[in-house]
2 protein chains.
Amino acid sequence: MLVKTPNGAQDIRAIWMENGVVKAINQRALPHRFEIVEIDNSEALAEAISDMTIRGAPSIGAAAAYGMALAAIRGEDMEDAADRMRSTRPTAHDLFYAVNLMLSERERLPGAADEYSDSIVARCKSIGEHGLDLIRDGSKILTHCNAGALATIDFGTALAPMRLARRAGKEFFVYVDETRPRLQGAKLTAWELLNEGIDHAIISDNASGHYIRADVDVVIVGADRIAGNGDFANKIGTYEKAVLARENGVPFYVAAPISTFDSSLLSGDEIVIEQRSPDEVLILDGVRVAPEGSDALNPAFDMTPSRYVSGFITEVGLLKPDELSKLLDTQ
Amino acid sequence: MLVKTPNGAQDIRAIWMENGVVKAINQRALPHRFEIVEIDNSEALAEAISDMTIRGAPSIGAAAAYGMALAAIRGEDMEDAADRMRSTRPTAHDLFYAVNLMLSERERLPGAADEYSDSIVARCKSIGEHGLDLIRDGSKILTHCNAGALATIDFGTALAPMRLARRAGKEFFVYVDETRPRLQGAKLTAWELLNEGIDHAIISDNASGHYIRADVDVVIVGADRIAGNGDFANKIGTYEKAVLARENGVPFYVAAPISTFDSSLLSGDEIVIEQRSPDEVLILDGVRVAPEGSDALNPAFDMTPSRYVSGFITEVGLLKPDELSKLLDTQ
């Protein structure tokens with residue numbers, strides 16, 4: 001991803017390894033301060049995952065792989081290091097996959113960690129290339145949450161086509177849903193777009209319907225998990241935008257790598273929706289906004305039925321929902 | 001409205017006059033502190049409107065009427081007092097109407113101000129009675145923004161049926177959209193429901209689609225202005241909820257007094273949407289959440305076409321959109 005610095009624009013990843021040291025963008029400091037943390041031991045790396053200095057499932061997977069590389073370099077017990085990584089964030093699938101892969105490749109570290117990371121970046125870049133034609137000069141795009149480079153080491157999923165389109169010289173405009181309750185749109189997506197020189201405006205989530213009706217040409221979002229029939233789970237609010245897009249004849253695309261497809265799930269009804277702490281809704285930057293005594297409900301994700309999806313932008317191409325079953329059969 | 005205090009529940013209005021002094025709930029102090037301000041001169045009353053100690057178009061209208069009453073009691077120049085009231089909030093129709101009415105009734109103040117206020121309260125109570133049957137034991141209701149007693153002196157519009165249903169002993173549950181950017185749902189609607197003993201939970205605006213799909217039986221909102229064909233403007237985000245309700249077969253009702261209907265507008269396309277300061281989106285309780293350099297768009301209202309409306313709850317009864325023209329012809 002491009003990052004504007006006092007010394008000009010740099011092209012960097014969310015996390016990488018250099019001379020035996022792991023470097024990562026401190027995502028807790030964004031959007032106000034751009035800061036690279038340097039980590040030289042697996043304990044500190046595990047802490048950086050736990051405290052969300054590094055976030056986003058693919059970026060967490062890469063971080064865990066590099067944590068294993070640090071352990072190998074320092075001659076630590078690899079099984080202990082693996083347990084330490086696994087205990088950071090209990091639900092991120094990529095993390096467990098990466099740790100097990102690095103255990104089986106322990107003789108090839110840190111090279112295997114770099115390869116793992118490179119493969120994710122290559123898939124995201126390919127998603128960007130397959131989605132490039134959806135963005136034209138003058139397009140008005142709406143996106144939700146942060147399906148960007150910060151979360152996926154580089155390029156992003158929903159943001160990958162926008163990034164490549166801008167670098168190819170296209171001029172377009174992005175409506176950025178602020179994405180309550182955690183505001184990943186306002187905090188992270190806006191920061192990425194600003195750094196890539198992409199024209200954009202942040203809107204309250206309530207305003208997306210107004211703009212989808214009046215002005216938006218295409219909606220592009222990411223996905224956390226996609227069932228065999230194309231129903232998918234993504235950040236809370238995605239379902240609303242999908243319904244509003246179809247109601248107004250606006251194409252709605254989901255950008256995600258093939259690894260997000262879970263053919264063990266026949267439909268989205270089997271996807272369990274995580275409920276997070278009510279405090280994310282009730283307390284903003286330390287200030288309670290609701291009366292004492294009022295509670296909140298805070299589902300982290302919602303499920304969008306496949307009938308609202310115009311297509312899936314993947315590293316193997318643009319797929320219609322009814323083309324998924326063929327792809328998944330050959331996986 | 002009922003307000004729980006250390007001395008038990010009181011039944012009070014958002015604003016009233018007592019022994020020549022105006023008393024009002026300080027809406028700036030909510031939801032954290034319940035406080036009655038006492039105002040004995042028209043300058044201080046104008047200031048209380050300007051700084052939003054008193055807010056909501058009908059409550060502002062009553063405040064301006066009482067401001068005129070204070071001026072009359074103190075023997076002030078009534079035209080000067082009228083100008084002072086008119087300069088507080090330039091767009092609230094009720095304010096100008098109330099000031100002109102009080103000028104024409106200057107010999108009957110403060111009695112005329114009380115009558116004006118009473119007539120608004122009576123209309124809201126009547127809205128509550130006409131909407132009462134929409135709420136059953138066990139109903140799950142969703143509402144947006146604050147169409148409550150604080151804004152309308154007493155009872156509210158969308159909240160009036162809920163208030164009367166609860167007082168009639170019905171048990172039901174309300175999903176309260178937090179209503180970004182100004183959070184009137186989390187701050188004011190939740191406070192009103194809490195004080196009336198109505199079971200509720202605050203949700204991020206992004207979660208309303210998820211719950212409309214899964215659990216909501218009826219959506220009830222207010223309206224700022226309703227065109228002759230039933231299209232209406234209301235707080236930003238209302239359109240989204242209306243589309244989601246219809247998509248899921250959930251009835252969607254608009255509660256508003258007849259004075260909200262503007263038969264001079266043939267359709268909602270003639271309603272001008274106010275754009276408010278981007279800072280309401282970018283800055284939360286004094287803390288900027290977006291990167292420096294990112295801008296925001298902040299429409300205060302959106303327009304919902306009448307085809308999404310199941311009915312209008314008014315003081316003259318429950319009206320279908322296609323029954324409006326007859327009513328408006330006889331106005």
# chains A, B, ... in the order shown; residues from 1 in each chain; ligands from 1
>>> residues_around(residues="Gly185 of chain A", least_positions_apart="4", cutoff="10 Å", atoms="only C-alpha atoms", output="list in words")
Thr143, His144, Cys145, Asn146, Ala147, Gly148, Tyr175, Val176, Asp177, Glu178, Thr179, Arg180, Thr189, Ala190, Trp191, Glu192, Ile202, Ile203, Ser204 and Asp205 of chain A; Val289 and Ala290 of chain B
>>> write_last_selection(atoms="N, CA and C atoms", output="compact mmCIF listing (two decimals), in the first residue's frame")
# COMPACT_ATOMS: atom_id res chain seq x y z
N THR A 143 -18.32 1.59 -0.24
CA THR A 143 -17.76 0.43 0.45
C THR A 143 -18.07 0.52 1.93
N HIS A 144 -17.96 -0.63 2.60
CA HIS A 144 -18.36 -0.76 4.00
C HIS A 144 -17.20 -1.37 4.77
N CYS A 145 -16.95 -0.90 5.96
CA CYS A 145 -15.90 -1.42 6.84
C CYS A 145 -14.52 -1.25 6.18
N ASN A 146 -13.51 -2.03 6.62
CA ASN A 146 -12.18 -1.97 6.02
C ASN A 146 -11.81 -3.34 5.48
N ALA A 147 -11.99 -3.52 4.17
CA ALA A 147 -11.52 -4.72 3.50
C ALA A 147 -10.31 -4.27 2.69
N GLY A 148 -9.31 -3.77 3.43
CA GLY A 148 -8.19 -3.09 2.81
C GLY A 148 -6.85 -3.75 3.07
N TYR A 175 -17.69 6.55 -1.58
CA TYR A 175 -18.43 6.80 -0.35
C TYR A 175 -17.97 5.77 0.69
N VAL A 176 -17.45 6.25 1.80
CA VAL A 176 -16.91 5.37 2.84
C VAL A 176 -17.89 5.33 4.02
N ASP A 177 -18.61 4.23 4.19
CA ASP A 177 -19.45 4.08 5.39
C ASP A 177 -18.54 4.15 6.63
N GLU A 178 -18.93 4.95 7.62
CA GLU A 178 -18.05 5.05 8.79
C GLU A 178 -17.94 3.71 9.52
N THR A 179 -19.03 2.91 9.46
CA THR A 179 -19.03 1.54 9.98
C THR A 179 -18.98 1.47 11.49
N ARG A 180 -20.08 1.97 12.08
CA ARG A 180 -20.27 1.76 13.51
C ARG A 180 -20.50 0.28 13.78
N THR A 189 -10.28 2.70 6.37
CA THR A 189 -10.50 2.79 4.92
C THR A 189 -10.21 4.20 4.42
N ALA A 190 -10.69 5.22 5.14
CA ALA A 190 -10.41 6.60 4.72
C ALA A 190 -8.91 6.85 4.69
N TRP A 191 -8.19 6.33 5.67
CA TRP A 191 -6.73 6.51 5.72
C TRP A 191 -6.06 5.85 4.50
N GLU A 192 -6.50 4.65 4.14
CA GLU A 192 -5.91 3.98 2.98
C GLU A 192 -6.20 4.75 1.69
N ILE A 202 -16.38 10.36 3.87
CA ILE A 202 -16.94 9.49 4.90
C ILE A 202 -18.41 9.87 5.08
N ILE A 203 -19.28 8.87 5.25
CA ILE A 203 -20.69 9.15 5.54
C ILE A 203 -21.12 8.31 6.74
N SER A 204 -22.13 8.78 7.46
CA SER A 204 -22.70 7.94 8.51
C SER A 204 -23.36 6.75 7.81
N ASP A 205 -23.40 5.62 8.48
CA ASP A 205 -24.01 4.43 7.88
C ASP A 205 -25.45 4.69 7.49
N VAL B 289 -12.28 11.15 14.61
CA VAL B 289 -12.14 9.71 14.37
C VAL B 289 -11.58 9.41 12.99
N ALA B 290 -11.50 10.40 12.12
CA ALA B 290 -11.05 10.19 10.75
C ALA B 290 -9.69 10.86 10.55
>>> interface_residues(of="chain B", to="chain A", cutoff="8 Å", atoms="only C-alpha atoms", output="ChimeraX atom specification")
/B:30-32,179-181,183,186-187,190-191,194,200-210,236-240,243-244,247,281-282,284-285,287,289-299,302-303
>>> select_by_dssp(residues="segment 45-174 of chain A", states="strand (DSSP E)", output="list of chain:residue names")
A:Lys140, A:Ile141, A:Leu142, A:Thr143, A:Phe173, A:Val174
>>> write_last_selection(atoms="C-alpha atoms", output="PDB file, in the first residue's frame")
ATOM      1  CA  LYS A 140     -19.167   6.455  -7.707  1.00  0.00           C
ATOM      2  CA  ILE A 141     -18.400   3.494  -5.447  1.00  0.00           C
ATOM      3  CA  LEU A 142     -19.672   2.683  -1.959  1.00  0.00           C
ATOM      4  CA  THR A 143     -17.760   0.431   0.449  1.00  0.00           C
ATOM      5  CA  PHE A 173     -15.116   8.706  -5.977  1.00  0.00           C
ATOM      6  CA  VAL A 174     -15.688   6.458  -2.961  1.00  0.00           C
TER       7      VAL A 174
END
>>> residues_around(residues="Ile12 of chain B", least_positions_apart="6", cutoff="8 Å", atoms="only C-alpha atoms", output="PDB file with N, CA, C and O atoms, in the first residue's frame")
ATOM      1  N   MET B   1     -44.575  13.204  30.052  1.00  0.00           N
ATOM      2  CA  MET B   1     -43.707  12.012  30.065  1.00  0.00           C
ATOM      3  C   MET B   1     -43.359  11.675  31.507  1.00  0.00           C
ATOM      4  O   MET B   1     -43.266  12.565  32.349  1.00  0.00           O
ATOM      5  N   LEU B   2     -43.187  10.362  31.748  1.00  0.00           N
ATOM      6  CA  LEU B   2     -42.762   9.956  33.084  1.00  0.00           C
ATOM      7  C   LEU B   2     -41.251  10.126  33.215  1.00  0.00           C
ATOM      8  O   LEU B   2     -40.496   9.839  32.285  1.00  0.00           O
ATOM      9  N   VAL B   3     -40.815  10.627  34.368  1.00  0.00           N
ATOM     10  CA  VAL B   3     -39.386  10.759  34.662  1.00  0.00           C
ATOM     11  C   VAL B   3     -39.156  10.209  36.060  1.00  0.00           C
ATOM     12  O   VAL B   3     -39.784  10.669  37.023  1.00  0.00           O
ATOM     13  N   ASP B 154     -44.871  16.729  25.030  1.00  0.00           N
ATOM     14  CA  ASP B 154     -45.236  15.520  25.766  1.00  0.00           C
ATOM     15  C   ASP B 154     -45.672  14.434  24.775  1.00  0.00           C
ATOM     16  O   ASP B 154     -46.005  14.734  23.632  1.00  0.00           O
TER      17      ASP B 154
END
>>> residues_around(residues="segment 257-272 of chain A", least_positions_apart="4", cutoff="6 Å", atoms="only C-alpha atoms", output="MDAnalysis selection string")
chainID A and resid 225:229 231:232 314:315
